[in-house]
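> Below you'll find run-v7.pdb; it's PDB, C-alpha atoms.
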MODEL        1
ATOM      1  CA  MET A   1     -90.211 -64.817  49.231
ATOM      2  CA  THR A   2     -88.134 -67.153  47.034
ATOM      3  CA  ALA A   3     -89.397 -65.462  43.867
ATOM      4  CA  TYR A   4     -88.588 -62.041  45.348
ATOM      5  CA  LEU A   5     -85.031 -63.084  46.223
ATOM      6  CA  LEU A   6     -84.512 -64.603  42.769
ATOM      7  CA  ASN A   7     -85.705 -61.339  41.236
ATOM      8  CA  LEU A   8     -83.242 -59.314  43.321
ATOM      9  CA  ALA A   9     -80.403 -61.722  42.534
ATOM     10  CA  THR A  10     -81.080 -61.563  38.786
ATOM     11  CA  LEU A  11     -81.232 -57.774  38.738
ATOM     12  CA  ALA A  12     -78.054 -57.605  40.841
ATOM     13  CA  THR A  13     -76.296 -59.906  38.367
ATOM     14  CA  ILE A  14     -77.356 -57.829  35.350
ATOM     15  CA  PHE A  15     -76.359 -54.579  37.018
ATOM     16  CA  GLY A  16     -73.142 -56.254  38.160
ATOM     17  CA  ILE A  17     -72.223 -56.731  34.489
ATOM     18  CA  LEU A  18     -73.195 -53.128  33.764
ATOM     19  CA  ALA A  19     -71.173 -51.732  36.687
ATOM     20  CA  ALA A  20     -68.156 -53.890  35.789
ATOM     21  CA  SER A  21     -68.337 -52.531  32.241
ATOM     22  CA  LEU A  22     -68.260 -48.926  33.467
ATOM     23  CA  ASN A  23     -65.389 -49.819  35.787
ATOM     24  CA  VAL A  24     -63.304 -50.642  32.693
ATOM     25  CA  LEU A  25     -63.715 -47.022  31.607
ATOM     26  CA  ILE A  26     -63.525 -45.244  34.959
ATOM     27  CA  GLY A  27     -61.301 -47.495  37.031
ATOM     28  CA  TYR A  28     -58.772 -48.722  34.478
ATOM     29  CA  ALA A  29     -58.796 -46.132  31.679
ATOM     30  CA  GLY A  30     -59.716 -43.012  33.668
ATOM     31  CA  ILE A  31     -62.589 -42.133  31.303
ATOM     32  CA  PHE A  32     -65.441 -40.649  33.353
ATOM     33  CA  SER A  33     -68.489 -41.232  31.197
ATOM     34  CA  ILE A  34     -72.006 -40.322  32.270
ATOM     35  CA  ALA A  35     -73.516 -41.780  29.092
ATOM     36  CA  HIS A  36     -73.158 -45.466  29.937
ATOM     37  CA  ALA A  37     -76.910 -46.040  30.015
ATOM     38  CA  VAL A  38     -76.893 -45.250  26.279
ATOM     39  CA  PHE A  39     -74.975 -48.442  25.499
ATOM     40  CA  PHE A  40     -77.031 -50.388  28.020
ATOM     41  CA  GLY A  41     -80.070 -49.259  26.034
ATOM     42  CA  LEU A  42     -78.524 -50.094  22.662
ATOM     43  CA  GLY A  43     -77.915 -53.655  23.841
ATOM     44  CA  ALA A  44     -81.447 -53.919  25.228
ATOM     45  CA  TYR A  45     -83.109 -52.688  22.039
ATOM     46  CA  ALA A  46     -80.865 -54.865  19.854
ATOM     47  CA  GLY A  47     -81.613 -57.976  21.907
ATOM     48  CA  ALA A  48     -85.339 -57.208  21.985
ATOM     49  CA  GLN A  49     -85.526 -56.669  18.217
ATOM     50  CA  LEU A  50     -83.623 -59.883  17.551
ATOM     51  CA  ALA A  51     -86.083 -61.793  19.737
ATOM     52  CA  LEU A  52     -89.140 -60.110  18.222
ATOM     53  CA  GLN A  53     -88.094 -60.345  14.578
ATOM     54  CA  PHE A  54     -86.012 -63.521  14.374
ATOM     55  CA  ILE A  55     -85.245 -65.869  17.285
ATOM     56  CA  PRO A  56     -85.440 -65.404  21.086
ATOM     57  CA  ASP A  57     -82.049 -67.002  21.743
ATOM     58  CA  VAL A  58     -80.532 -65.121  24.670
ATOM     59  CA  LEU A  59     -76.947 -65.986  23.730
ATOM     60  CA  LEU A  60     -77.378 -64.594  20.218
ATOM     61  CA  ALA A  61     -79.081 -61.535  21.708
ATOM     62  CA  CYS A  62     -76.129 -60.942  24.051
ATOM     63  CA  LEU A  63     -73.700 -61.224  21.141
ATOM     64  CA  ALA A  64     -75.795 -58.887  19.004
ATOM     65  CA  GLY A  65     -76.233 -56.355  21.811
ATOM     66  CA  GLY A  66     -72.527 -56.399  22.601
ATOM     67  CA  ALA A  67     -71.543 -56.060  18.935
ATOM     68  CA  ILE A  68     -73.871 -53.126  18.244
ATOM     69  CA  SER A  69     -72.855 -51.296  21.412
ATOM     70  CA  ALA A  70     -69.170 -51.852  20.613
ATOM     71  CA  ALA A  71     -69.668 -50.635  17.027
ATOM     72  CA  LEU A  72     -71.434 -47.480  18.169
ATOM     73  CA  SER A  73     -68.942 -46.902  20.997
ATOM     74  CA  LEU A  74     -67.077 -44.598  18.609
ATOM     75  CA  CYS A  75     -69.721 -42.017  19.570
ATOM     76  CA  LEU A  76     -68.039 -42.034  22.986
ATOM     77  CA  ALA A  77     -64.483 -42.884  21.894
ATOM     78  CA  LEU A  78     -64.127 -39.920  19.543
ATOM     79  CA  PRO A  79     -64.758 -37.295  22.270
ATOM     80  CA  ALA A  80     -62.492 -39.281  24.625
ATOM     81  CA  LEU A  81     -59.632 -38.953  22.117
ATOM     82  CA  ARG A  82     -59.996 -35.194  21.754
ATOM     83  CA  VAL A  83     -60.908 -33.905  25.219
ATOM     84  CA  ARG A  84     -60.459 -35.010  28.815
ATOM     85  CA  GLY A  85     -61.566 -34.118  32.333
ATOM     86  CA  GLU A  86     -64.616 -31.915  32.721
ATOM     87  CA  TYR A  87     -64.789 -31.344  28.960
ATOM     88  CA  PHE A  88     -65.289 -35.044  28.323
ATOM     89  CA  VAL A  89     -67.944 -35.221  31.050
ATOM     90  CA  ALA A  90     -69.807 -32.435  29.226
ATOM     91  CA  ALA A  91     -69.426 -34.275  25.908
ATOM     92  CA  SER A  92     -70.754 -37.529  27.360
ATOM     93  CA  LEU A  93     -73.663 -35.618  28.899
ATOM     94  CA  GLY A  94     -74.533 -34.323  25.440
ATOM     95  CA  LEU A  95     -74.392 -37.868  24.055
ATOM     96  CA  GLN A  96     -76.696 -39.086  26.825
ATOM     97  CA  MET A  97     -79.266 -36.365  26.171
ATOM     98  CA  MET A  98     -79.150 -36.924  22.408
ATOM     99  CA  ALA A  99     -79.567 -40.695  22.799
ATOM    100  CA  VAL A 100     -82.644 -40.308  25.014
ATOM    101  CA  THR A 101     -84.228 -38.162  22.303
ATOM    102  CA  VAL A 102     -83.396 -40.746  19.635
ATOM    103  CA  PHE A 103     -84.736 -43.596  21.772
ATOM    104  CA  SER A 104     -87.953 -41.627  22.302
ATOM    105  CA  GLU A 105     -88.508 -40.717  18.661
ATOM    106  CA  ALA A 106     -87.263 -43.775  16.725
ATOM    107  CA  HIS A 107     -90.596 -45.579  16.967
ATOM    108  CA  VAL A 108     -89.762 -48.218  14.364
ATOM    109  CA  LEU A 109     -86.693 -49.432  16.270
ATOM    110  CA  THR A 110     -87.474 -48.614  19.896
ATOM    111  CA  GLY A 111     -91.250 -48.272  20.092
ATOM    112  CA  GLY A 112     -90.886 -44.678  21.288
ATOM    113  CA  HIS A 113     -92.099 -43.878  24.791
ATOM    114  CA  GLY A 114     -94.313 -46.959  24.717
ATOM    115  CA  GLY A 115     -91.264 -49.183  24.325
ATOM    116  CA  LEU A 116     -91.028 -52.707  22.966
ATOM    117  CA  VAL A 117     -93.520 -55.108  24.538
ATOM    118  CA  GLY A 118     -94.166 -58.818  24.255
ATOM    119  CA  ILE A 119     -90.520 -59.897  24.098
ATOM    120  CA  PRO A 120     -90.615 -63.725  23.798
ATOM    121  CA  PRO A 121     -89.339 -65.921  26.647
ATOM    122  CA  ALA A 122     -85.594 -66.507  26.589
ATOM    123  CA  THR A 123     -84.251 -69.684  25.030
ATOM    124  CA  LEU A 124     -80.742 -71.134  24.861
ATOM    125  CA  PHE A 125     -80.021 -73.525  21.977
ATOM    126  CA  GLY A 126     -83.768 -74.145  21.744
ATOM    127  CA  ALA A 127     -84.295 -74.837  25.457
ATOM    128  CA  ASP A 128     -86.557 -72.550  27.484
ATOM    129  CA  ILE A 129     -84.585 -70.776  30.258
ATOM    130  CA  SER A 130     -87.110 -68.046  30.982
ATOM    131  CA  SER A 131     -87.887 -69.409  34.463
ATOM    132  CA  PRO A 132     -86.207 -67.410  37.262
ATOM    133  CA  ALA A 133     -83.659 -70.015  38.358
ATOM    134  CA  PRO A 134     -82.329 -71.045  34.896
ATOM    135  CA  PHE A 135     -82.172 -67.427  33.747
ATOM    136  CA  LEU A 136     -80.273 -66.454  36.900
ATOM    137  CA  ALA A 137     -77.827 -69.305  36.327
ATOM    138  CA  PHE A 138     -77.193 -68.122  32.760
ATOM    139  CA  ALA A 139     -76.757 -64.503  33.869
ATOM    140  CA  LEU A 140     -74.296 -65.573  36.585
ATOM    141  CA  ALA A 141     -72.335 -67.573  34.013
ATOM    142  CA  VAL A 142     -72.119 -64.512  31.753
ATOM    143  CA  LEU A 143     -71.038 -62.337  34.690
ATOM    144  CA  GLY A 144     -68.356 -64.837  35.679
ATOM    145  CA  LEU A 145     -66.965 -65.107  32.134
ATOM    146  CA  LEU A 146     -66.843 -61.346  31.665
ATOM    147  CA  LEU A 147     -65.159 -60.763  35.034
ATOM    148  CA  LEU A 148     -62.592 -63.429  34.180
ATOM    149  CA  ALA A 149     -61.929 -61.761  30.827
ATOM    150  CA  VAL A 150     -61.509 -58.365  32.497
ATOM    151  CA  ARG A 151     -59.153 -59.825  35.099
ATOM    152  CA  LEU A 152     -56.960 -61.477  32.471
ATOM    153  CA  LEU A 153     -56.872 -58.357  30.297
ATOM    154  CA  MET A 154     -56.093 -55.974  33.146
ATOM    155  CA  ARG A 155     -53.310 -58.156  34.520
ATOM    156  CA  GLY A 156     -51.623 -58.171  31.102
ATOM    157  CA  SER A 157     -49.855 -55.515  29.065
ATOM    158  CA  PHE A 158     -53.158 -54.043  27.861
ATOM    159  CA  GLY A 159     -54.318 -53.375  31.411
ATOM    160  CA  ARG A 160     -50.979 -51.961  32.512
ATOM    161  CA  ALA A 161     -50.944 -49.623  29.518
ATOM    162  CA  LEU A 162     -54.509 -48.475  30.294
ATOM    163  CA  MET A 163     -53.632 -47.716  33.902
ATOM    164  CA  ALA A 164     -50.556 -45.819  32.756
ATOM    165  CA  ILE A 165     -52.823 -43.655  30.579
ATOM    166  CA  ARG A 166     -55.187 -43.207  33.519
ATOM    167  CA  ASP A 167     -52.391 -42.005  35.786
ATOM    168  CA  SER A 168     -50.626 -39.776  33.251
ATOM    169  CA  GLU A 169     -51.627 -39.691  29.615
ATOM    170  CA  SER A 170     -48.663 -37.531  28.641
ATOM    171  CA  ALA A 171     -46.166 -39.825  30.343
ATOM    172  CA  ALA A 172     -47.708 -42.917  28.744
ATOM    173  CA  GLU A 173     -47.485 -41.290  25.323
ATOM    174  CA  ALA A 174     -43.867 -40.332  25.973
ATOM    175  CA  PHE A 175     -43.084 -43.998  26.668
ATOM    176  CA  GLY A 176     -44.456 -44.986  23.270
ATOM    177  CA  LYS A 177     -47.984 -46.074  24.186
ATOM    178  CA  ASP A 178     -50.602 -45.636  21.453
ATOM    179  CA  VAL A 179     -53.039 -43.648  23.560
ATOM    180  CA  ARG A 180     -55.682 -43.324  20.843
ATOM    181  CA  ALA A 181     -55.837 -47.040  20.109
ATOM    182  CA  LEU A 182     -55.830 -48.034  23.773
ATOM    183  CA  LYS A 183     -58.601 -45.593  24.673
ATOM    184  CA  THR A 184     -60.700 -46.756  21.733
ATOM    185  CA  LEU A 185     -60.263 -50.407  22.722
ATOM    186  CA  ALA A 186     -61.148 -49.647  26.355
ATOM    187  CA  VAL A 187     -64.310 -47.806  25.335
ATOM    188  CA  GLY A 188     -65.244 -50.604  22.928
ATOM    189  CA  LEU A 189     -64.757 -53.274  25.598
ATOM    190  CA  GLY A 190     -66.732 -51.405  28.247
ATOM    191  CA  CYS A 191     -69.588 -50.564  25.872
ATOM    192  CA  ALA A 192     -69.752 -54.139  24.545
ATOM    193  CA  MET A 193     -70.164 -55.430  28.103
ATOM    194  CA  ALA A 194     -72.891 -52.841  28.701
ATOM    195  CA  GLY A 195     -74.662 -54.097  25.567
ATOM    196  CA  VAL A 196     -74.582 -57.660  26.898
ATOM    197  CA  ALA A 197     -76.144 -56.461  30.152
ATOM    198  CA  GLY A 198     -78.807 -54.622  28.165
ATOM    199  CA  ALA A 199     -79.771 -57.735  26.197
ATOM    200  CA  LEU A 200     -80.133 -59.733  29.420
ATOM    201  CA  PHE A 201     -82.209 -56.909  30.914
ATOM    202  CA  ALA A 202     -84.573 -56.897  27.912
ATOM    203  CA  PHE A 203     -85.210 -60.644  28.144
ATOM    204  CA  TYR A 204     -85.657 -60.589  31.892
ATOM    205  CA  MET A 205     -88.107 -57.687  31.926
ATOM    206  CA  ALA A 206     -89.854 -58.773  28.658
ATOM    207  CA  PHE A 207     -90.304 -55.028  28.060
ATOM    208  CA  VAL A 208     -87.944 -52.114  27.443
ATOM    209  CA  ASN A 209     -88.522 -48.401  27.065
ATOM    210  CA  VAL A 210     -86.508 -45.227  27.272
ATOM    211  CA  GLU A 211     -87.153 -44.717  31.002
ATOM    212  CA  SER A 212     -84.538 -47.382  31.811
ATOM    213  CA  PHE A 213     -81.748 -45.605  29.898
ATOM    214  CA  THR A 214     -81.843 -42.034  31.148
ATOM    215  CA  LEU A 215     -79.204 -39.847  32.799
ATOM    216  CA  GLU A 216     -80.407 -41.005  36.222
ATOM    217  CA  GLN A 217     -79.528 -44.592  35.282
ATOM    218  CA  SER A 218     -76.042 -43.545  34.176
ATOM    219  CA  ILE A 219     -75.483 -41.703  37.456
ATOM    220  CA  LEU A 220     -76.763 -44.676  39.459
ATOM    221  CA  VAL A 221     -74.298 -47.028  37.741
ATOM    222  CA  MET A 222     -71.461 -44.555  38.307
ATOM    223  CA  ALA A 223     -72.408 -44.400  41.993
ATOM    224  CA  MET A 224     -72.244 -48.206  42.171
ATOM    225  CA  VAL A 225     -68.705 -48.181  40.788
ATOM    226  CA  ILE A 226     -67.423 -45.299  42.925
ATOM    227  CA  ILE A 227     -68.979 -46.494  46.178
ATOM    228  CA  GLY A 228     -67.836 -50.072  45.653
ATOM    229  CA  GLY A 229     -64.328 -49.159  44.526
ATOM    230  CA  THR A 230     -62.836 -48.431  41.130
ATOM    231  CA  ALA A 231     -60.122 -50.551  39.469
ATOM    232  CA  THR A 232     -61.177 -53.642  41.442
ATOM    233  CA  LEU A 233     -63.238 -56.642  40.396
ATOM    234  CA  ALA A 234     -65.224 -56.838  43.622
ATOM    235  CA  GLY A 235     -65.866 -53.111  44.003
ATOM    236  CA  PRO A 236     -68.628 -52.673  41.401
ATOM    237  CA  LEU A 237     -70.373 -55.822  42.658
ATOM    238  CA  ILE A 238     -70.336 -54.481  46.222
ATOM    239  CA  GLY A 239     -71.732 -51.178  44.995
ATOM    240  CA  VAL A 240     -74.498 -52.970  43.101
ATOM    241  CA  LEU A 241     -75.523 -54.983  46.134
ATOM    242  CA  LEU A 242     -75.597 -51.924  48.381
ATOM    243  CA  LEU A 243     -77.566 -49.696  46.024
ATOM    244  CA  LEU A 244     -80.008 -52.366  44.861
ATOM    245  CA  LEU A 245     -80.699 -53.765  48.303
ATOM    246  CA  LEU A 246     -81.143 -50.323  49.873
ATOM    247  CA  PRO A 247     -84.607 -49.627  48.355
ATOM    248  CA  ALA A 248     -85.730 -53.129  49.330
ATOM    249  CA  GLY A 249     -84.537 -52.559  52.894
ATOM    250  CA  LEU A 250     -86.166 -49.128  53.147
ATOM    251  CA  SER A 251     -89.531 -50.567  52.083
ATOM    252  CA  PHE A 252     -89.569 -52.695  55.261
ATOM    253  CA  LEU A 253     -89.146 -49.674  57.577
ATOM    254  CA  PRO A 254     -92.627 -48.736  58.847
ATOM    255  CA  PHE A 255     -91.738 -45.146  59.763
ATOM    256  CA  ILE A 256     -90.857 -44.197  56.142
ATOM    257  CA  PRO A 257     -93.951 -43.546  53.982
ATOM    258  CA  PRO A 258     -93.858 -45.423  50.649
ATOM    259  CA  THR A 259     -94.073 -42.119  48.762
ATOM    260  CA  GLN A 260     -90.891 -40.872  50.479
ATOM    261  CA  ILE A 261     -88.678 -43.917  49.881
ATOM    262  CA  GLY A 262     -87.213 -42.415  46.689
ATOM    263  CA  ALA A 263     -86.249 -39.155  48.425
ATOM    264  CA  VAL A 264     -84.689 -40.973  51.394
ATOM    265  CA  GLN A 265     -82.834 -43.253  48.996
ATOM    266  CA  GLN A 266     -81.325 -40.299  47.105
ATOM    267  CA  LEU A 267     -80.329 -38.679  50.394
ATOM    268  CA  ILE A 268     -78.523 -41.819  51.514
ATOM    269  CA  TYR A 269     -76.777 -42.133  48.128
ATOM    270  CA  GLY A 270     -75.482 -38.568  48.329
ATOM    271  CA  LEU A 271     -74.392 -38.901  51.958
ATOM    272  CA  ALA A 272     -72.629 -42.197  51.290
ATOM    273  CA  MET A 273     -70.701 -40.812  48.316
ATOM    274  CA  THR A 274     -69.714 -37.693  50.267
ATOM    275  CA  LEU A 275     -68.437 -39.689  53.251
ATOM    276  CA  LEU A 276     -66.573 -42.105  51.005
ATOM    277  CA  MET A 277     -64.842 -39.286  49.152
ATOM    278  CA  ILE A 278     -63.672 -37.909  52.509
ATOM    279  CA  PHE A 279     -62.698 -41.055  54.404
ATOM    280  CA  ARG A 280     -62.271 -43.748  51.739
ATOM    281  CA  PRO A 281     -61.838 -42.136  48.316
ATOM    282  CA  ALA A 282     -60.873 -45.431  46.662
ATOM    283  CA  GLY A 283     -64.242 -46.966  47.592
ATOM    284  CA  ILE A 284     -65.200 -49.802  49.909
ATOM    285  CA  ALA A 285     -63.097 -52.423  48.123
ATOM    286  CA  GLY A 286     -60.339 -49.997  47.178
ATOM    287  CA  GLY A 287     -58.702 -49.648  50.571
ATOM    288  CA  ARG A 288     -57.928 -46.488  52.503
ATOM    289  CA  ARG A 289     -55.375 -45.004  50.142
TER     290      ARG A 289
ENDMDL
END
I'd like the structure from this file rewritten - as structure tokens, please.

Amino acid sequence: MTAYLLNLATLATIFGILAASLNVLIGYAGIFSIAHAVFFGLGAYAGAQLALQFIPDVLLACLAGGAISAALSLCLALPALRVRGEYFVAASLGLQMMAVTVFSEAHVLTGGHGGLVGIPPATLFGADISSPAPFLAFALAVLGLLLLAVRLLMRGSFGRALMAIRDSESAAEAFGKDVRALKTLAVGLGCAMAGVAGALFAFYMAFVNVESFTLEQSILVMAMVIIGGTATLAGPLIGVLLLLLLPAGLSFLPFIPPTQIGAVQQLIYGLAMTLLMIFRPAGIAGGRR
């Protein structure tokens, strides 16, 4: 039971980083991307390749994953600068579909559908931290540092400018805000955090393939943010706990066949999001308004 709880806690921590990264885009900048799993995957593949080819240092892998995802975030930032609303959602959908194809076909870098296997155990400055408890402690430390960074940034002028763009891009531009630069920085920050989460995911699973970075994963992360509450620090974490613990809870119900757990889970997700949009549109942590 202890190993099972440690596994859930580690996955919740990794997805907490991923959900917090998407919250930077959706909650603070008003950029509704459904391609966030792309940057999660870029970080995972970058971290896995670093471990396989050079050194399995998890800190270096997180830095590499974050840097590569931030560098390639222009693939998302450029559409965000030119279109908005439903047009940007369509553009991000195209990016998601294209990335899945690339991940599946770039065998040299990603291993194709077979993925990258045999990722070495995680180390930190030469010390082995691949055991569940040390790895969880490191992941929690990364989550805490990133949440602190987001809190400091969003309470400053950068965060206020982002929220002004979210509320009214035209008004923010009229007041002299550099909308293009601010949007690009927001996308870069959110994608870099997603890359860090991806690197941690690769080390924890010791295996990555394209199935973890599909459209369904992007929608799941978006559901975590919306259900928990956008533009709050606690909201994405609440959403992660609810949506990760739900399948575990359903598996203990004897009247639900194991083959039907996925269908029941999707039904509950849809019902929860519908009820929240009606009665609590700001999410669980976002209050009633």
> Using only C-alpha atoms for the distances, tell me which of A:Ser73, A:Ser130, A:Ser21, A:Thr110 is nearest to Tyr204 of chain A.
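Smallest distance to Tyr204 of chain A is found for A:Ser130.
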> Rounded to one decimal in Å, what is the spacing between atom CA of Arg155 of chain A and atom CA of Ala282 of chain A?
19.1 Å
> Quick check, in Å to one decimal: how far apart do atom CA of Tyr87 of chain A and atom CA of Ile31 of chain A lie?
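Separation between atom CA of Tyr87 of chain A and atom CA of Ile31 of chain A: 11.3 Å.
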> Taking all atoms listed in the file into account, which of A:Leu245, A:Leu233, A:Pro254, A:Ala99 comes nearest Leu148 of chain A?
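Among the listed residues, the smallest separation from Leu148 of chain A belongs to A:Leu233.
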> Which of these residues is nearest to Gly144 of chain A, using only C-alpha atoms: A:Leu109, A:Pro120, A:Thr13, A:Leu6?
A:Thr13
> Could you check the closest approach to Met193 of chain A for each of A:Leu93, A:Leu143, A:Leu220, A:Val58 and tell me which residue wins, using all atoms listed in the file?
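Nearest to Met193 of chain A: A:Leu143.
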> Near Gly262 of chain A, counting all atoms listed in the file, which residues have an atom at most 12 Å away, once you skip same-chain residues fewer than 4 positions from it, shown as a count of residues only?
12
> Just how far from atom CA of Gly283 of chain A is atom CA of Gly228 of chain A, in Å to one decimal?
5.1 Å
> Hey, what comes out of the PyMOL selection byres ((chain A and resi 85) around 12) on this file? Could you write it as a PyMOL selection string?
chain A and resi 26+30-33+79-84+86-92+166+169
> Translate the PyMOL selection byres ((chain A and resi 123) around 6), as applied to the file shown, into an explicit residue set as a PyMOL selection string.
chain A and resi 56-58+122+124+126-129
